[in-house]
Amino acid sequence: MSLANRICLIFFLQPIALGAWLPHIPGVQTSLGLSNSELAVALVGAPVGTLVTLVFAGRLANRFGARSLVRVLYPVFLIAMLLPFVAGTQFQLMAALACVGSSMSILELGLNVLADEHEKRTTDKIMSKAHGFWSFGLLTGTLIGSLVAGVRFEPLYAGLLIALIVQATVVWVTADLPDDRGESPEATQHHAFQLPHPLLIGICVFTFGTTMIEGAIADWAAVFLRDAFAANPGVAGLGIAVFSLCLATTRLFGDRLRQSVAPGRLGQFLALIGLAGLGGIWIAPNTMTALVGLGVLGIGAALAFPLGVTAAAAAPGRSAASNVAVLSFIALLGFLVGPLSIGVLADAHGIRTGLMILVPMICLSFLLAPLLTVAQRHEKS
């Protein structure tokens with residue numbers, strides 16, 4: 001298997017456990033007796049854990065290298081994904097998700113740096129394709145989770161089985177990755193703090209706008225279909241699956257699009273598609289129409305993060321790994337703001353209205369998308 005295919009397979013495997021958890025969110029909400037606002041507070045645990053960890057994740061990537069991060073953090077993340085299934089209170093659920101977010105943030109940073117280093121080493125464009133495989137992994141997980149929820153099988157046992165299979169595969173796939181040891185410890189220790197370049201901040205805010213979409217759909221799509229259309233757990237989980245399928249399929253064509261269309265224009269075009277998807281969700285009279293709207297929204301959100309990672313790595317800064325860590329930190333604030341704001345609006349005005357908070361976020365991404373082209377030109381200069 002080629003190195004590019006190994007990297008894509010590693011991307012595919014990572015979110016399967018995460019996807020298997022998502023369809024169970026409504027069931028956990030019911031079993032713990034949480035309102036939408038209380039669930040939102042618990043869901044904030046994941047982005048909080050992510051943001052706290054990303055403060056130093058870039059230094060870890062610089063010091064130990066992406067390969068080491070991936071090999072060490074994979075089993076940690078898979079163990080963390082079992083914790084939400086055993087949470088007995090709102091606080092325990094929040095703490096469990098904080099562990100998930102913390103381990104996932106370092107693991108995903110390592111994955112993104114692996115893909116970026118491969119592109120720079122070989123000129124083989126794989127970033128969007130790799131994220132496409134990630135989305136297919138999330139889709140696989142959500143389908144498994146929907147099946148488990150539909151047949152009422154114990155989700156903890158299903159999660160444990162997923163963890164064992166994924167980890168065994170990862171050990172084999174990562175065996176032949178390049179041994180990138182990153183910077184020496186001495187060099188890392190002497191790096192002084194420096195503010196991110198304004199171009200990098202703009203790219204991060206662009207990504208923030210559309211990252212909120214992925215977080216919102218992951219946390220709230222199943223709840224939306226249940227509350228708006230009385231969908232059963234199996235059908236409600238399909239909302240995440242449809243979104244992920246459309247997002248993943250679009251990402252498979254992303255690298256080809258990057259070579260023929262300026263990244264700024266591509267980002268703006270997809271933002272408009274995302275707005276159309278939200279419009280479909282707003283007017284949807286039934287479950288089928290809502291699923292179509294979620295699919296269109298998935299297309300619109302597909303390439304924002306891959307484009308952002310590539311642009312951030314090309315922007316001025318200490319290193320590509322540090323820039324990507326900053327991007328992840330700011331972009332993933334969307335996962336912190338999204339669950340809280342949507343939950344509050346959902347309790348006050350309904351889940352459909354709560355999801356409409358994504359409209360101004362997509363508009364923000366539309367306005368900042370031209371910065372992706374600026375970063376591309378900076379890399380070439």
# chains A, B, ... in the order shown; residues from 1 in each chain; ligands from 1

call {"tool": "residues_around", "arguments": {"residues": "Ala87 (chain A)", "least_positions_apart": "6", "cutoff": "10 Å", "atoms": "only C-alpha atoms", "output": "compact mmCIF listing (two decimals) with C-alpha atoms, in the first residue's frame"}}
result
# COMPACT_ATOMS: atom_id res chain seq x y z
CA VAL A 28 -28.21 9.69 26.54
CA LEU A 32 -29.94 11.47 32.03
CA LEU A 93 -20.81 13.36 30.57
CA MET A 94 -19.12 16.73 30.25
CA ALA A 95 -15.89 15.38 31.80
CA ALA A 96 -15.96 12.31 29.54
CA LEU A 97 -16.38 14.47 26.45

call {"tool": "residues_around", "arguments": {"residues": "Ala248 (chain A)", "least_positions_apart": "3", "cutoff": "7 Å", "atoms": "only C-alpha atoms", "output": "list in words"}}
result
Gly132, Phe133, Ser135, Phe136, Ser244, Leu245, Arg251, Leu252 and Ala302 of chain A

call {"tool": "closest_residue", "arguments": {"among": "A:Val151, A:Ile126, A:Leu164, A:Ala231", "to": "Gln259 (chain A)", "atoms": "only C-alpha atoms"}}
result
A:Ile126

call {"tool": "closest_residue", "arguments": {"among": "A:Thr250, A:Ser2, A:Gln29, A:Ser328", "to": "Leu297 (chain A)", "atoms": "only C-alpha atoms"}}
result
A:Thr250

call {"tool": "residues_around", "arguments": {"residues": "Leu200 (chain A)", "least_positions_apart": "3", "cutoff": "8 Å", "atoms": "only C-alpha atoms", "output": "ChimeraX atom specification"}}
result
/A:196-197,203-204,312,315-316,323,327

call {"tool": "write_last_selection", "arguments": {"atoms": "C-alpha atoms", "output": "JSON list (two decimals), in the first residue's frame"}}
result
[["chain", "number", "residue", "atom", "x", "y", "z"],
["A", 196, "PRO", "CA", -0.12, 34.71, 14.93],
["A", 197, "HIS", "CA", 0.27, 36.58, 11.65],
["A", 203, "ILE", "CA", -7.78, 32.03, 7.70],
["A", 204, "CYS", "CA", -8.64, 30.69, 11.14],
["A", 312, "ALA", "CA", -2.57, 27.91, 7.40],
["A", 315, "ALA", "CA", 0.90, 31.30, 5.94],
["A", 316, "PRO", "CA", 3.74, 33.11, 7.75],
["A", 323, "ASN", "CA", 0.14, 27.26, 12.36],
["A", 327, "LEU", "CA", -5.98, 27.11, 13.14]]

call {"tool": "closest_residue", "arguments": {"among": "A:Glu119, A:Glu38, A:Glu154, A:Glu108", "to": "Leu13 (chain A)", "atoms": "only C-alpha atoms"}}
result
A:Glu108

call {"tool": "closest_residue", "arguments": {"among": "A:Leu161, A:Ile273, A:Ile201, A:Val166", "to": "Ile362 (chain A)", "atoms": "only C-alpha atoms"}}
result
A:Ile273

call {"tool": "residues_around", "arguments": {"residues": "Gly293 (chain A)", "least_positions_apart": "2", "cutoff": "7 Å", "atoms": "only C-alpha atoms", "output": "mmCIF file with C-alpha atoms, in the first residue's frame"}}
result
data_model
loop_
_atom_site.group_PDB
_atom_site.id
_atom_site.type_symbol
_atom_site.label_atom_id
_atom_site.label_comp_id
_atom_site.auth_asym_id
_atom_site.auth_seq_id
_atom_site.Cartn_x
_atom_site.Cartn_y
_atom_site.Cartn_z
ATOM 1 C CA GLY A 277 -28.771 23.783 2.598
ATOM 2 C CA LEU A 278 -29.743 25.765 5.685
ATOM 3 C CA GLY A 280 -33.822 23.718 2.972
ATOM 4 C CA ILE A 281 -33.631 22.757 6.648
ATOM 5 C CA THR A 289 -36.834 17.047 2.865
ATOM 6 C CA ALA A 290 -34.813 17.737 6.001
ATOM 7 C CA LEU A 291 -32.357 14.994 5.022
ATOM 8 C CA GLY A 295 -26.990 16.720 2.495
ATOM 9 C CA VAL A 296 -26.717 20.058 0.669
ATOM 10 C CA LEU A 297 -25.302 21.619 3.836
#

call {"tool": "residues_around", "arguments": {"residues": "Phe229 (chain A)", "least_positions_apart": "6", "cutoff": "9 Å", "atoms": "only C-alpha atoms", "output": "PyMOL selection string"}}
result
chain A and resi 285-287

call {"tool": "write_last_selection", "arguments": {"atoms": "C-alpha atoms", "output": "PDB file, in the first residue's frame"}}
result
ATOM      1  CA  PRO A 285     -41.984  19.926   5.986  1.00  0.00           C
ATOM      2  CA  ASN A 286     -40.909  16.316   6.596  1.00  0.00           C
ATOM      3  CA  THR A 287     -37.984  14.066   7.403  1.00  0.00           C
TER       4      THR A 287
END

call {"tool": "select_by_dssp", "arguments": {"residues": "region 123-336 of chain A", "states": "helix (DSSP H, G or I)", "output": "MDAnalysis selection string"}}
result
chainID A and resid 127:151 155:176 185:189 198:229 233:252 254:260 263:283 287:301 304:314 320:331 333:336

call {"tool": "closest_atom_pairs", "arguments": {"of": "region 233-284 of chain A", "to": "region 349-360 of chain A", "cutoff": "10 Å", "atoms": "only C-alpha atoms", "output": "Markdown table"}}
result
| residue | atom | partner | partner_atom | distance |
| --- | --- | --- | --- | --- |
| A:Ala271 | CA | A:Val359 | CA | 9.9 |
| A:Gly274 | CA | A:Val359 | CA | 8.7 |
| A:Leu275 | CA | A:Val359 | CA | 6.6 |
| A:Ala276 | CA | A:Val359 | CA | 9.9 |
| A:Leu278 | CA | A:Met356 | CA | 7.1 |
| A:Gly279 | CA | A:Met356 | CA | 8.8 |
| A:Ile281 | CA | A:Arg352 | CA | 7.6 |
| A:Trp282 | CA | A:Arg352 | CA | 6.4 |
| A:Ile283 | CA | A:Arg352 | CA | 9.3 |
| A:Ala284 | CA | A:Arg352 | CA | 9.6 |

call {"tool": "residues_around", "arguments": {"residues": "region 49-59 of chain A", "least_positions_apart": "5", "cutoff": "6 Å", "atoms": "only C-alpha atoms", "output": "PyMOL selection string"}}
result
chain A and resi 98+101-102+105-106+321-322+325+329

call {"tool": "write_last_selection", "arguments": {"atoms": "N, CA and C atoms", "output": "PDB file, in the first residue's frame"}}
result
ATOM      1  N   ALA A  98     -14.768  15.936  27.586  1.00  0.00           N
ATOM      2  CA  ALA A  98     -13.538  16.721  27.657  1.00  0.00           C
ATOM      3  C   ALA A  98     -12.325  15.830  27.381  1.00  0.00           C
ATOM      4  N   GLY A 101     -12.304  15.239  23.623  1.00  0.00           N
ATOM      5  CA  GLY A 101     -11.803  16.395  22.882  1.00  0.00           C
ATOM      6  C   GLY A 101     -10.312  16.587  23.038  1.00  0.00           C
ATOM      7  N   SER A 102      -9.796  16.358  24.239  1.00  0.00           N
ATOM      8  CA  SER A 102      -8.371  16.549  24.488  1.00  0.00           C
ATOM      9  C   SER A 102      -7.524  15.572  23.678  1.00  0.00           C
ATOM     10  N   SER A 105      -7.877  16.161  19.761  1.00  0.00           N
ATOM     11  CA  SER A 105      -7.240  17.344  19.190  1.00  0.00           C
ATOM     12  C   SER A 105      -5.785  17.074  18.820  1.00  0.00           C
ATOM     13  N   ILE A 106      -5.055  16.398  19.699  1.00  0.00           N
ATOM     14  CA  ILE A 106      -3.649  16.098  19.397  1.00  0.00           C
ATOM     15  C   ILE A 106      -3.550  15.072  18.275  1.00  0.00           C
ATOM     16  N   ALA A 321       3.294  23.058  11.615  1.00  0.00           N
ATOM     17  CA  ALA A 321       2.596  22.397  12.711  1.00  0.00           C
ATOM     18  C   ALA A 321       2.016  23.414  13.687  1.00  0.00           C
ATOM     19  N   SER A 322       2.802  24.449  14.016  1.00  0.00           N
ATOM     20  CA  SER A 322       2.307  25.482  14.934  1.00  0.00           C
ATOM     21  C   SER A 322       1.144  26.240  14.320  1.00  0.00           C
ATOM     22  N   ALA A 325      -1.912  24.146  14.466  1.00  0.00           N
ATOM     23  CA  ALA A 325      -2.426  24.105  15.837  1.00  0.00           C
ATOM     24  C   ALA A 325      -3.230  25.365  16.156  1.00  0.00           C
ATOM     25  N   PHE A 329      -7.178  25.588  17.022  1.00  0.00           N
ATOM     26  CA  PHE A 329      -7.633  26.245  18.251  1.00  0.00           C
ATOM     27  C   PHE A 329      -8.755  27.235  17.966  1.00  0.00           C
TER      28      PHE A 329
END

call {"tool": "closest_residue", "arguments": {"among": "A:Ser341, A:Thr373, A:Ser31, A:Gln167", "to": "Val44 (chain A)", "atoms": "only C-alpha atoms"}}
result
A:Ser341

call {"tool": "atom_distance", "arguments": {"atom1": "CA of Ala42 (chain A)", "atom2": "CA of Pro84 (chain A)"}}
result
10.4 Å

call {"tool": "closest_residue", "arguments": {"among": "A:Ala61, A:Val171, A:Ser35, A:Ala228", "to": "Ala348 (chain A)", "atoms": "only C-alpha atoms"}}
result
A:Ser35

call {"tool": "atom_distance", "arguments": {"atom1": "CA of Ala346 (chain A)", "atom2": "CA of Leu364 (chain A)"}}
result
22.4 Å

call {"tool": "atom_distance", "arguments": {"atom1": "CA of Leu345 (chain A)", "atom2": "CA of Val41 (chain A)"}}
result
13.1 Å

call {"tool": "decode", "arguments": {"residues": "region 219-240 of chain A", "atoms": "C-alpha atoms", "output": "PDB file, in the first residue's frame"}}
result
ATOM      1  CA  ASP A 219     -24.394  17.324  18.085  1.00  0.00           C
ATOM      2  CA  TRP A 220     -27.873  18.368  17.003  1.00  0.00           C
ATOM      3  CA  ALA A 221     -28.941  16.661  13.752  1.00  0.00           C
ATOM      4  CA  ALA A 222     -30.365  13.605  15.513  1.00  0.00           C
ATOM      5  CA  VAL A 223     -32.084  15.818  18.104  1.00  0.00           C
ATOM      6  CA  PHE A 224     -33.509  18.008  15.300  1.00  0.00           C
ATOM      7  CA  LEU A 225     -35.034  15.056  13.434  1.00  0.00           C
ATOM      8  CA  ARG A 226     -36.414  13.617  16.654  1.00  0.00           C
ATOM      9  CA  ASP A 227     -37.958  16.880  17.896  1.00  0.00           C
ATOM     10  CA  ALA A 228     -39.166  18.268  14.567  1.00  0.00           C
ATOM     11  CA  PHE A 229     -40.469  15.055  12.972  1.00  0.00           C
ATOM     12  CA  ALA A 230     -40.695  12.512  15.820  1.00  0.00           C
ATOM     13  CA  ALA A 231     -38.064  10.322  14.119  1.00  0.00           C
ATOM     14  CA  ASN A 232     -37.085   7.118  15.928  1.00  0.00           C
ATOM     15  CA  PRO A 233     -33.423   6.705  17.037  1.00  0.00           C
ATOM     16  CA  GLY A 234     -32.406   4.762  13.921  1.00  0.00           C
ATOM     17  CA  VAL A 235     -33.891   7.309  11.505  1.00  0.00           C
ATOM     18  CA  ALA A 236     -32.661  10.275  13.554  1.00  0.00           C
ATOM     19  CA  GLY A 237     -29.101   8.960  13.261  1.00  0.00           C
ATOM     20  CA  LEU A 238     -29.416   9.018   9.461  1.00  0.00           C
ATOM     21  CA  GLY A 239     -29.312  12.822   9.532  1.00  0.00           C
ATOM     22  CA  ILE A 240     -25.656  12.716  10.526  1.00  0.00           C
TER      23      ILE A 240
END
